[in-house]
>>> print(open('start.cif').read())   # mmCIF, C-alpha atoms
data_upload
#
loop_
_atom_site.label_atom_id
_atom_site.label_comp_id
_atom_site.auth_asym_id
_atom_site.auth_seq_id
_atom_site.Cartn_x
_atom_site.Cartn_y
_atom_site.Cartn_z
CA MET B 231 22.59 -30.84 49.96
CA PRO B 232 23.91 -34.42 49.78
CA ASP B 233 27.41 -35.19 50.98
CA THR B 234 28.50 -37.29 48.06
CA ALA B 235 27.96 -37.57 44.35
CA ALA B 236 26.62 -41.07 44.96
CA GLU B 237 23.81 -39.69 47.11
CA ALA B 238 23.08 -37.06 44.49
CA ARG B 239 22.90 -39.68 41.77
CA GLN B 240 20.38 -41.67 43.76
CA ARG B 241 18.34 -38.55 44.48
CA ILE B 242 18.33 -37.59 40.79
CA ARG B 243 17.09 -41.06 39.90
CA THR B 244 14.30 -40.68 42.42
CA LEU B 245 13.38 -37.28 40.96
CA LEU B 246 13.24 -38.79 37.48
CA VAL B 247 10.92 -41.56 38.63
CA GLU B 248 8.62 -38.99 40.26
CA LEU B 249 8.75 -36.79 37.18
CA LEU B 250 8.08 -39.55 34.65
CA GLY B 251 5.56 -41.39 36.81
CA ASN B 252 7.36 -44.73 36.54
CA ASP B 253 10.85 -46.25 36.68
CA ARG B 254 11.05 -47.52 33.11
CA PHE B 255 13.50 -44.83 31.97
CA VAL B 256 15.56 -44.85 35.14
CA SER B 257 15.92 -48.62 35.20
CA ARG B 258 17.51 -48.72 31.76
CA VAL B 259 19.70 -45.60 31.77
CA SER B 260 23.21 -45.87 33.16
CA ASP B 261 24.82 -43.16 35.28
CA THR B 262 27.12 -42.04 32.49
CA GLU B 263 24.75 -42.38 29.51
CA SER B 264 23.57 -39.26 27.70
CA LEU B 265 20.08 -38.51 28.99
CA ARG B 266 19.06 -36.96 25.69
CA ARG B 267 20.30 -39.89 23.64
CA ALA B 268 18.55 -42.23 26.05
CA GLY B 269 15.29 -40.48 25.11
CA LEU B 270 14.68 -37.92 27.84
CA SER B 271 12.50 -35.19 26.33
CA SER B 272 13.32 -31.50 26.60
CA HIS B 273 10.19 -31.14 28.72
CA ALA B 274 11.39 -33.81 31.13
CA LEU B 275 14.89 -32.33 31.26
CA VAL B 276 13.54 -28.89 32.16
CA GLY B 277 11.30 -30.55 34.77
CA LEU B 278 14.31 -32.38 36.22
CA LEU B 279 16.34 -29.17 36.41
CA VAL B 280 13.50 -27.40 38.23
CA ALA B 281 13.05 -30.37 40.59
CA MET B 282 16.77 -30.40 41.32
CA GLU B 283 16.63 -26.75 42.37
CA ASP B 284 14.02 -27.64 44.98
CA ALA B 285 15.60 -30.90 46.06
CA PHE B 286 19.15 -29.65 46.42
CA GLY B 287 18.48 -26.04 47.34
CA PHE B 288 20.28 -24.16 44.60
CA GLU B 289 19.42 -22.27 41.42
CA TRP B 290 20.77 -23.09 37.99
CA ARG B 291 22.78 -20.45 36.17
CA ASP B 292 22.83 -19.78 32.43
CA ASP B 293 26.60 -20.26 32.27
CA VAL B 294 26.52 -23.94 33.22
CA GLU B 295 28.46 -25.90 30.60
CA PRO B 296 26.44 -28.35 28.47
CA GLU B 297 28.61 -31.21 29.73
CA ALA B 298 27.15 -30.77 33.22
CA LEU B 299 23.69 -31.66 31.93
CA ARG B 300 24.67 -34.72 29.93
CA SER B 301 24.07 -37.57 32.37
CA ILE B 302 23.00 -38.49 35.86
CA ASP B 303 26.66 -38.70 36.78
CA SER B 304 27.52 -35.22 35.46
CA LEU B 305 24.45 -33.68 37.10
CA ALA B 306 25.41 -35.28 40.40
CA GLY B 307 28.97 -34.09 39.96
CA TYR B 308 27.72 -30.54 39.49
CA VAL B 309 25.67 -30.75 42.69
CA ALA B 310 28.58 -32.25 44.62
CA ALA B 311 30.91 -29.51 43.36
CA LEU B 312 28.47 -26.88 44.63
CA ARG B 313 28.51 -28.60 47.98
CA ASN B 314 32.29 -28.51 48.10
CA MET P 16 0.57 -14.95 30.11
CA PRO P 17 1.72 -17.77 27.80
CA ASN P 18 2.73 -21.00 29.51
CA TYR P 19 5.08 -22.16 26.73
CA GLU P 20 3.55 -25.58 27.06
CA ALA P 21 4.15 -26.39 23.37
CA LEU P 22 7.79 -25.45 23.69
CA HIS P 23 8.17 -27.89 26.54
CA ARG P 24 6.70 -30.60 24.32
CA LEU P 25 9.16 -29.86 21.51
CA GLU P 26 9.80 -33.03 19.50
CA LEU P 27 13.16 -33.70 17.92
CA ASP P 28 12.96 -37.37 16.97
CA TYR P 29 12.80 -38.30 13.31
CA HIS P 30 10.47 -40.94 11.88
CA GLU P 31 13.03 -43.56 10.93
CA ASP P 32 10.85 -45.29 8.34
CA THR P 33 10.11 -42.19 6.24
CA PRO P 34 11.40 -42.54 2.68
CA ARG P 35 13.47 -39.61 1.46
CA ILE P 36 12.31 -37.56 -1.52
CA PRO P 37 14.81 -37.16 -4.37
CA THR P 38 14.88 -33.65 -5.82
CA ARG P 39 18.06 -32.56 -7.61
CA ASP P 40 21.01 -34.82 -8.51
CA GLY P 41 21.84 -36.87 -5.45
CA VAL P 42 19.71 -34.75 -3.13
CA GLU P 43 17.26 -36.58 -0.91
CA LEU P 44 15.05 -34.70 1.51
CA TYR P 45 13.57 -35.88 4.80
CA TYR P 46 9.95 -34.77 5.00
CA GLU P 47 6.79 -35.15 7.05
CA SER P 48 3.29 -34.75 5.64
CA ARG P 49 0.37 -34.67 8.05
CA GLY P 50 -3.32 -33.93 7.57
CA GLU P 51 -5.43 -33.50 4.45
CA GLY P 52 -6.57 -30.60 2.31
CA THR P 53 -4.98 -27.38 1.13
CA ALA P 54 -1.22 -27.66 1.47
CA ILE P 55 0.81 -25.58 3.88
CA THR P 56 4.57 -26.06 3.56
CA LEU P 57 6.79 -25.07 6.46
CA LEU P 58 10.29 -23.79 5.75
CA ASN P 59 12.95 -24.29 8.43
CA ASN P 60 15.25 -21.60 9.60
CA PHE P 61 18.70 -23.00 10.35
CA PHE P 62 17.83 -23.54 14.02
CA MET P 63 14.82 -25.76 13.38
CA SER P 64 14.24 -29.25 12.01
CA ALA P 65 11.21 -30.88 10.40
CA PRO P 66 10.17 -32.70 13.62
CA SER P 67 10.40 -29.49 15.65
CA TRP P 68 7.44 -28.07 13.68
CA ARG P 69 5.03 -30.74 14.97
CA VAL P 70 4.03 -28.96 18.17
CA PHE P 71 3.65 -25.65 16.35
CA SER P 72 1.36 -27.01 13.63
CA GLU P 73 -0.86 -29.50 15.44
CA GLU P 74 -3.94 -27.28 15.07
CA LEU P 75 -3.31 -26.66 11.36
CA VAL P 76 -3.12 -30.41 10.76
CA ARG P 77 -6.84 -30.64 11.63
CA ASN P 78 -7.75 -28.62 8.52
CA TYR P 79 -4.81 -28.73 6.15
CA ARG P 80 -2.10 -30.89 4.71
CA VAL P 81 0.98 -29.67 6.56
CA VAL P 82 4.37 -30.47 5.05
CA SER P 83 7.69 -29.93 6.79
CA TYR P 84 11.09 -31.01 5.56
CA ASP P 85 14.80 -30.62 6.22
CA MET P 86 16.71 -28.53 3.71
CA CYS P 87 19.52 -30.19 1.78
CA ASN P 88 22.71 -30.29 3.92
CA HIS P 89 20.68 -29.89 7.11
CA GLY P 90 19.10 -32.27 9.61
CA ALA P 91 18.18 -35.68 8.23
CA SER P 92 18.32 -34.71 4.55
CA SER P 93 21.31 -35.67 2.42
CA HIS P 94 24.56 -33.81 2.96
CA HIS P 95 26.88 -32.79 0.14
CA ASP P 96 30.24 -31.08 -0.10
CA GLU P 97 28.80 -27.68 -0.95
CA GLU P 98 25.97 -25.85 0.74
CA PRO P 99 23.27 -25.39 -1.93
CA THR P 100 22.60 -21.91 -3.25
CA TRP P 101 19.30 -20.21 -2.50
CA GLU P 102 18.26 -21.05 -6.08
CA GLU P 103 18.94 -24.72 -5.41
CA HIS P 104 17.07 -24.62 -2.10
CA ALA P 105 14.13 -23.06 -3.96
CA ALA P 106 14.33 -25.79 -6.60
CA ASP P 107 14.25 -28.37 -3.79
CA VAL P 108 10.98 -26.91 -2.53
CA ILE P 109 9.50 -27.40 -5.98
CA GLY P 110 10.95 -30.91 -6.21
CA LEU P 111 9.35 -31.71 -2.88
CA LEU P 112 5.96 -30.38 -4.04
CA ASP P 113 6.23 -32.36 -7.29
CA ALA P 114 7.01 -35.58 -5.46
CA LEU P 115 4.12 -35.07 -3.06
CA GLU P 116 1.81 -34.14 -5.98
CA ILE P 117 1.10 -30.72 -4.53
CA GLU P 118 0.22 -28.32 -7.31
CA SER P 119 0.45 -25.20 -5.16
CA THR P 120 0.92 -24.43 -1.51
CA TYR P 121 1.01 -21.80 1.17
CA LEU P 122 4.57 -21.28 2.37
CA VAL P 123 5.40 -20.47 5.98
CA GLY P 124 8.87 -19.03 6.50
CA THR P 125 10.52 -18.12 9.78
CA SER P 126 13.52 -15.81 10.17
CA ILE P 127 16.00 -16.60 7.36
CA SER P 128 13.59 -18.92 5.57
CA THR P 129 11.33 -15.93 4.90
CA ALA P 130 13.97 -15.08 2.26
CA LEU P 131 13.56 -18.58 0.81
CA ALA P 132 9.77 -18.15 0.79
CA ARG P 133 10.25 -14.89 -1.10
CA ASP P 134 12.56 -16.54 -3.63
CA VAL P 135 10.18 -19.44 -4.27
CA ALA P 136 7.29 -17.01 -4.76
CA LEU P 137 9.35 -14.95 -7.21
CA ARG P 138 10.71 -17.90 -9.23
CA TYR P 139 7.71 -20.19 -9.12
CA PRO P 140 4.65 -17.95 -8.66
CA ASP P 141 2.23 -20.58 -9.95
CA ARG P 142 3.23 -22.95 -7.12
CA VAL P 143 2.64 -20.47 -4.29
CA LYS P 144 -0.86 -19.68 -3.05
CA GLY P 145 0.28 -17.40 -0.29
CA LEU P 146 3.14 -16.48 2.03
CA VAL P 147 3.32 -16.33 5.80
CA LEU P 148 6.48 -14.57 6.94
CA ALA P 149 7.07 -15.07 10.66
CA GLY P 150 9.78 -12.85 12.13
CA PRO P 151 10.99 -11.88 8.65
CA VAL P 152 14.58 -11.06 7.88
CA LEU P 153 13.32 -9.03 4.94
CA GLY P 154 13.39 -5.35 5.81
CA PRO P 155 11.38 -2.48 4.38
CA VAL P 156 14.58 -0.70 3.34
CA GLY P 157 17.17 -3.50 3.27
CA MET P 158 18.70 -6.27 5.37
CA ARG P 159 21.83 -4.66 6.81
CA ARG P 160 20.87 -5.24 10.45
CA HIS P 161 20.12 -8.87 9.83
CA ARG P 162 23.38 -9.42 7.94
CA GLN P 163 25.33 -7.82 10.79
CA ILE P 164 23.63 -10.07 13.32
CA GLN P 165 24.33 -13.14 11.16
CA ARG P 166 28.02 -12.19 10.93
CA ALA P 167 28.19 -11.73 14.71
CA TRP P 168 26.56 -15.13 15.25
CA LEU P 169 29.01 -16.72 12.83
CA LYS P 170 31.96 -15.15 14.67
CA THR P 171 30.62 -16.40 18.00
CA LEU P 172 30.19 -19.88 16.55
CA GLU P 173 33.80 -19.88 15.36
CA ASP P 174 35.21 -18.48 18.60
CA HIS P 175 32.99 -20.03 21.25
CA GLY P 176 31.25 -23.02 19.68
CA MET P 177 27.62 -24.07 19.68
CA ALA P 178 26.89 -23.40 23.34
CA GLY P 179 28.47 -19.96 23.04
CA LEU P 180 26.35 -19.20 19.99
CA PHE P 181 23.20 -20.26 21.83
CA GLY P 182 24.04 -17.90 24.67
CA HIS P 183 24.55 -15.12 22.13
CA LEU P 184 21.40 -15.58 20.10
CA TYR P 185 18.97 -16.54 22.88
CA PRO P 186 18.37 -13.03 24.25
CA GLU P 187 18.19 -11.69 20.69
CA VAL P 188 15.51 -14.05 19.40
CA ILE P 189 13.59 -14.99 22.56
CA SER P 190 11.10 -12.49 23.94
CA MET P 191 11.75 -10.81 27.25
CA GLU P 192 8.54 -12.34 28.61
CA MET P 193 9.53 -15.86 27.65
CA ASN P 194 13.09 -15.41 28.86
CA GLU P 195 11.89 -14.41 32.31
CA ALA P 196 9.21 -17.10 32.47
CA LEU P 197 11.50 -19.98 31.51
CA GLY P 198 14.42 -18.91 33.68
CA SER P 199 17.69 -20.80 33.69
CA PRO P 200 16.14 -24.30 33.58
CA GLY P 201 14.30 -23.32 30.39
CA PHE P 202 17.41 -21.72 28.90
CA LEU P 203 19.48 -24.82 29.64
CA GLY P 204 16.77 -27.21 28.43
CA LEU P 205 16.34 -25.32 25.15
CA ARG P 206 20.10 -25.24 24.72
CA GLU P 207 20.13 -29.03 24.91
CA SER P 208 17.44 -29.11 22.19
CA PHE P 209 19.43 -26.65 20.09
CA LEU P 210 22.56 -28.79 20.41
CA ALA P 211 20.54 -31.84 19.34
CA ILE P 212 18.89 -30.22 16.32
CA THR P 213 21.94 -29.14 14.37
CA THR P 214 25.71 -29.33 14.10
CA ALA P 215 28.37 -26.63 14.00
CA GLU P 216 29.16 -27.48 10.38
CA ASP P 217 25.54 -27.30 9.23
CA LEU P 218 25.09 -24.03 11.09
CA ARG P 219 28.26 -22.51 9.73
CA ASN P 220 27.15 -23.35 6.19
CA GLY P 221 23.66 -22.02 6.85
CA LEU P 222 24.83 -18.77 8.42
CA ASN P 223 27.22 -18.21 5.53
CA LEU P 224 24.39 -18.79 3.08
CA ALA P 225 22.25 -16.33 5.06
CA LEU P 226 24.80 -13.65 4.19
CA GLN P 227 24.06 -14.12 0.50
CA GLY P 228 21.08 -13.37 -1.68
CA ASP P 229 19.29 -10.29 -2.89
CA THR P 230 18.36 -7.80 -0.17
CA SER P 231 16.34 -5.42 -2.36
CA PRO P 232 12.94 -4.52 -0.94
CA GLU P 233 11.89 -3.68 -4.51
CA LEU P 234 11.66 -7.41 -5.24
CA LEU P 235 8.63 -7.71 -3.01
CA ALA P 236 6.49 -5.63 -5.37
CA HIS P 237 6.68 -8.53 -7.84
CA ILE P 238 5.04 -11.04 -5.50
CA GLN P 239 1.35 -11.32 -6.33
CA ALA P 240 0.54 -14.02 -3.80
CA PRO P 241 -1.27 -12.84 -0.68
CA THR P 242 1.25 -12.30 2.07
CA LEU P 243 0.92 -12.22 5.83
CA VAL P 244 3.74 -10.83 7.95
CA VAL P 245 3.54 -12.17 11.52
CA LEU P 246 5.73 -10.14 13.82
CA GLY P 247 6.28 -10.19 17.55
CA ASP P 248 6.32 -6.70 18.98
CA ASP P 249 9.39 -7.77 20.97
CA ASP P 250 11.26 -8.89 17.83
CA ASN P 251 14.71 -7.33 18.04
CA LEU P 252 15.25 -7.55 14.28
CA LEU P 253 12.20 -5.63 13.07
CA SER P 254 9.95 -3.12 14.78
CA PRO P 255 6.14 -3.25 14.49
CA THR P 256 6.29 -0.11 12.35
CA GLY P 257 8.91 -1.78 10.16
CA GLY P 258 6.67 -4.85 9.87
CA GLN P 259 3.75 -2.73 8.68
CA GLU P 260 6.00 -0.97 6.16
CA LEU P 261 7.33 -4.32 4.97
CA ALA P 262 3.83 -5.73 4.45
CA ALA P 263 2.87 -2.61 2.50
CA LEU P 264 5.59 -3.40 -0.06
CA PHE P 265 3.73 -6.51 -1.15
CA PRO P 266 0.88 -5.86 -3.59
CA ASN P 267 -1.37 -7.99 -1.38
CA GLY P 268 0.27 -7.92 2.03
CA ARG P 269 -0.73 -7.24 5.59
CA CYS P 270 0.92 -7.47 9.00
CA GLU P 271 -0.26 -9.00 12.25
CA ILE P 272 1.54 -8.01 15.43
CA VAL P 273 1.82 -10.60 18.20
CA PRO P 274 2.00 -8.80 21.55
CA LYS P 275 5.11 -9.51 23.61
CA ALA P 276 6.35 -12.20 21.21
CA GLY P 277 9.95 -12.36 20.05
CA HIS P 278 11.65 -13.16 16.74
CA VAL P 279 9.99 -16.58 16.59
CA PRO P 280 6.40 -15.64 17.43
CA PHE P 281 5.10 -19.20 17.40
CA PHE P 282 7.41 -20.02 20.32
CA ASP P 283 5.45 -17.49 22.37
CA GLU P 284 1.96 -17.99 20.95
CA PRO P 285 1.68 -21.24 18.98
CA GLU P 286 -2.12 -21.42 19.05
CA TYR P 287 -2.60 -17.77 18.07
CA PHE P 288 0.00 -18.15 15.33
CA GLN P 289 -1.94 -21.08 13.87
CA GLU P 290 -5.20 -19.17 14.17
CA LEU P 291 -3.65 -16.34 12.16
CA ILE P 292 -2.55 -18.76 9.46
CA HIS P 293 -5.95 -20.47 9.41
CA LYS P 294 -7.74 -17.14 9.01
CA PHE P 295 -5.28 -15.99 6.36
CA VAL P 296 -5.69 -19.18 4.33
CA GLN P 297 -9.49 -19.02 4.58
CA GLU P 298 -9.52 -15.40 3.40
CA SER P 299 -7.06 -16.09 0.59
CA GLU P 300 -8.98 -19.14 -0.59
CA SER P 301 -12.26 -17.19 -0.57
CA ALA P 302 -10.67 -14.35 -2.55
CA ALA P 303 -9.17 -16.79 -5.06
CA HIS P 304 -12.54 -18.41 -5.70
CA ALA P 305 -14.60 -15.18 -5.71
#
>>> encode(input="start.cif", output="structure tokens")
Amino acid sequence: MPDTAAEARQRIRTLLVELLGNDRFVSRVSDTESLRRAGLSSHALVGLLVAMEDAFGFEWRDDVEPEALRSIDSLAGYVAALRN
Amino acid sequence: MPNYEALHRLELDYHEDTPRIPTRDGVELYYESRGEGTAITLLNNFFMSAPSWRVFSEELVRNYRVVSYDMCNHGASSHHDEEPTWEEHAADVIGLLDALEIESTYLVGTSISTALARDVALRYPDRVKGLVLAGPVLGPVGMRRHRQIQRAWLKTLEDHGMAGLFGHLYPEVISMEMNEALGSPGFLGLRESFLAITTAEDLRNGLNLALQGDTSPELLAHIQAPTLVVLGDDDNLLSPTGGQELAALFPNGRCEIVPKAGHVPFFDEPEYFQELIHKFVQESESAAHA
């Protein structure tokens, strides 16, 4: 589990690059931009959520608020909150 | 065991350059038409959009002209102050067919749009070659259960918003098998898709409309078009026995049960669902030309 949200953000970006096979998406999406509006498919989002479970050692719950899934920043914030 | 691969490939993006089709006064419908041949027209329930049909009809497109569209006041079609009545939605289907020069078509309804398919077949029998009713809301003795569920969904939408509604309806419409296989990442990913497909206002209007319309099973005896009921045996709204009884009310109806599928059987088994439609259309076409 990373110590800071900044580390989590970087790790999530790395996971996205691995998932998508290139850095085209990651290089153009900002930390706070909506991933869906930026063009991340539902398939890729589910893949990212699964990859995050492995990378950060936790399991998602159904009661996570939609806002937590919006952006790299909010995903990292969720991970950091779990850590704390 | 299904791998839900099609569901993971769900497409939500609209073709921006598609011209809208004018139907009634001021109404313009977003549509997609793919493939050639006998027409199959897909009718959205209020939780689907025209693009979301692509992954569930990609096999049909090889043999048929597959048309999907967004209903007036939903998705990328024009929005007006009042939600259209069922009669107006049925008229829009005919307007769409006219504009696309489709003389007659097979209609595929899912959940609440099985009621629309019924209405179009009753009002415009010459335009309907056959009906496919997937996870029908039509019941063999009435629609009380469905109306109660719709009211509960509406209340949840009002009290807890879109995400709350998704959490309410998901275990009711998604099969147990699929729920377990997708886990929380799948639940959360599909919720994101759900939130992208529709708005609270469109849904509220649609769910209110779903509480209206004729619920009489006797109407079905007047539909001469061949009819296929496709029902998951894990559909919470209608049992397999109920599905068989429903199909028997149509003069030319039959029921196919999809093992372990839920209320939206093509989520569970998209390829099998399309095979069933393909077989049904072939049989109906052969009978019509015999």
>>> residues_around(input="start.cif", residues="Leu57 in chain P", least_positions_apart="3", cutoff="12 Å", atoms="all atoms listed in the file", output="ChimeraX atom specification")
/P:46-49,54,60,63-69,71-72,75,80-86,108,111-112,120-125,128-129,131-132,146-149,292
>>> interface_residues(input="start.cif", of="chain B", to="chain P", cutoff="6 Å", atoms="all atoms listed in the file", output="CSV table (one decimal) with C-alpha atoms, in the frame of the given file")
chain,number,residue,atom,x,y,z
B,272,SER,CA,13.3,-31.5,26.6
B,273,HIS,CA,10.2,-31.1,28.7
B,276,VAL,CA,13.5,-28.9,32.2
B,279,LEU,CA,16.3,-29.2,36.4
B,290,TRP,CA,20.8,-23.1,38.0
B,291,ARG,CA,22.8,-20.4,36.2
B,292,ASP,CA,22.8,-19.8,32.4
>>> resolve_selection(input="start.cif", expression="the PyMOL selection byres ((chain P and resi 188-194) around 7)", output="ChimeraX atom specification")
/P:184-187,195-198,249-251,275-279,283
>>> atom_distance(input="start.cif", atom1="CA of Thr53 in chain P", atom2="CA of Gly145 in chain P")
11.4 Å
>>> resolve_selection(input="start.cif", expression="the PyMOL selection byres ((chain B and resi 304) around 12)", output="ChimeraX atom specification")
/B:235-236,238-239,242,260-265,294-303,305-311
>>> resolve_selection(input="start.cif", expression="the PyMOL selection byres ((chain P and resi 225-238) around 6)", output="MDAnalysis selection string")
chainID P and resid 155:158 162 222:224 239:240 264:266
>>> write_last_selection(input="start.cif", atoms="C-alpha atoms", output="PDB file, in the frame of the given file")
ATOM      1  CA  PRO P 155      11.380  -2.480   4.380  1.00  0.00           C
ATOM      2  CA  VAL P 156      14.580  -0.700   3.340  1.00  0.00           C
ATOM      3  CA  GLY P 157      17.170  -3.500   3.270  1.00  0.00           C
ATOM      4  CA  MET P 158      18.700  -6.270   5.370  1.00  0.00           C
ATOM      5  CA  ARG P 162      23.380  -9.420   7.940  1.00  0.00           C
ATOM      6  CA  LEU P 222      24.830 -18.770   8.420  1.00  0.00           C
ATOM      7  CA  ASN P 223      27.220 -18.210   5.530  1.00  0.00           C
ATOM      8  CA  LEU P 224      24.390 -18.790   3.080  1.00  0.00           C
ATOM      9  CA  GLN P 239       1.350 -11.320  -6.330  1.00  0.00           C
ATOM     10  CA  ALA P 240       0.540 -14.020  -3.800  1.00  0.00           C
ATOM     11  CA  LEU P 264       5.590  -3.400  -0.060  1.00  0.00           C
ATOM     12  CA  PHE P 265       3.730  -6.510  -1.150  1.00  0.00           C
ATOM     13  CA  PRO P 266       0.880  -5.860  -3.590  1.00  0.00           C
TER      14      PRO P 266
END
>>> atom_distance(input="start.cif", atom1="CA of Glu102 in chain P", atom2="CA of Arg138 in chain P")
8.8 Å
>>> closest_residue(input="start.cif", among="P:Ile55, P:Gly154, P:His104, P:Glu97", to="His293 in chain P", atoms="all atoms listed in the file")
P:Ile55
>>> atom_distance(input="start.cif", atom1="CA of Asp293 in chain B", atom2="CA of Pro274 in chain P")
29.2 Å
>>> residues_around(input="start.cif", residues="Phe288 in chain P", least_positions_apart="6", cutoff="8 Å", atoms="all atoms listed in the file", output="NGL selection string")
:P and (245 or 280-281)
>>> write_last_selection(input="start.cif", atoms="C-alpha atoms", output="CSV table (one decimal), in the frame of the given file")
chain,number,residue,atom,x,y,z
P,245,VAL,CA,3.5,-12.2,11.5
P,280,PRO,CA,6.4,-15.6,17.4
P,281,PHE,CA,5.1,-19.2,17.4
>>> residues_near_point(input="start.cif", point="(14.6, -30.9, 46.1)", cutoff="12 Å", atoms="only C-alpha atoms", output="mmCIF file with C-alpha atoms, keeping the file's coordinate frame")
data_model
loop_
_atom_site.group_PDB
_atom_site.id
_atom_site.type_symbol
_atom_site.label_atom_id
_atom_site.label_comp_id
_atom_site.auth_asym_id
_atom_site.auth_seq_id
_atom_site.Cartn_x
_atom_site.Cartn_y
_atom_site.Cartn_z
ATOM 1 C CA MET B 231 22.590 -30.840 49.960
ATOM 2 C CA PRO B 232 23.910 -34.420 49.780
ATOM 3 C CA ALA B 238 23.080 -37.060 44.490
ATOM 4 C CA ARG B 241 18.340 -38.550 44.480
ATOM 5 C CA ILE B 242 18.330 -37.590 40.790
ATOM 6 C CA THR B 244 14.300 -40.680 42.420
ATOM 7 C CA LEU B 245 13.380 -37.280 40.960
ATOM 8 C CA LEU B 246 13.240 -38.790 37.480
ATOM 9 C CA GLU B 248 8.620 -38.990 40.260
ATOM 10 C CA GLY B 277 11.300 -30.550 34.770
ATOM 11 C CA LEU B 278 14.310 -32.380 36.220
ATOM 12 C CA LEU B 279 16.340 -29.170 36.410
ATOM 13 C CA VAL B 280 13.500 -27.400 38.230
ATOM 14 C CA ALA B 281 13.050 -30.370 40.590
ATOM 15 C CA MET B 282 16.770 -30.400 41.320
ATOM 16 C CA GLU B 283 16.630 -26.750 42.370
ATOM 17 C CA ASP B 284 14.020 -27.640 44.980
ATOM 18 C CA ALA B 285 15.600 -30.900 46.060
ATOM 19 C CA PHE B 286 19.150 -29.650 46.420
ATOM 20 C CA GLY B 287 18.480 -26.040 47.340
ATOM 21 C CA PHE B 288 20.280 -24.160 44.600
ATOM 22 C CA GLU B 289 19.420 -22.270 41.420
ATOM 23 C CA VAL B 309 25.670 -30.750 42.690
#
>>> axis_aligned_box(input="start.cif", around="range 179-184 of chain P", padding_each_side="6 Å", output="AutoDock Vina command-line options")
--center_x 24.9 --center_y -17.7 --center_z 22.3 --size_x 19.1 --size_y 17.1 --size_z 16.7
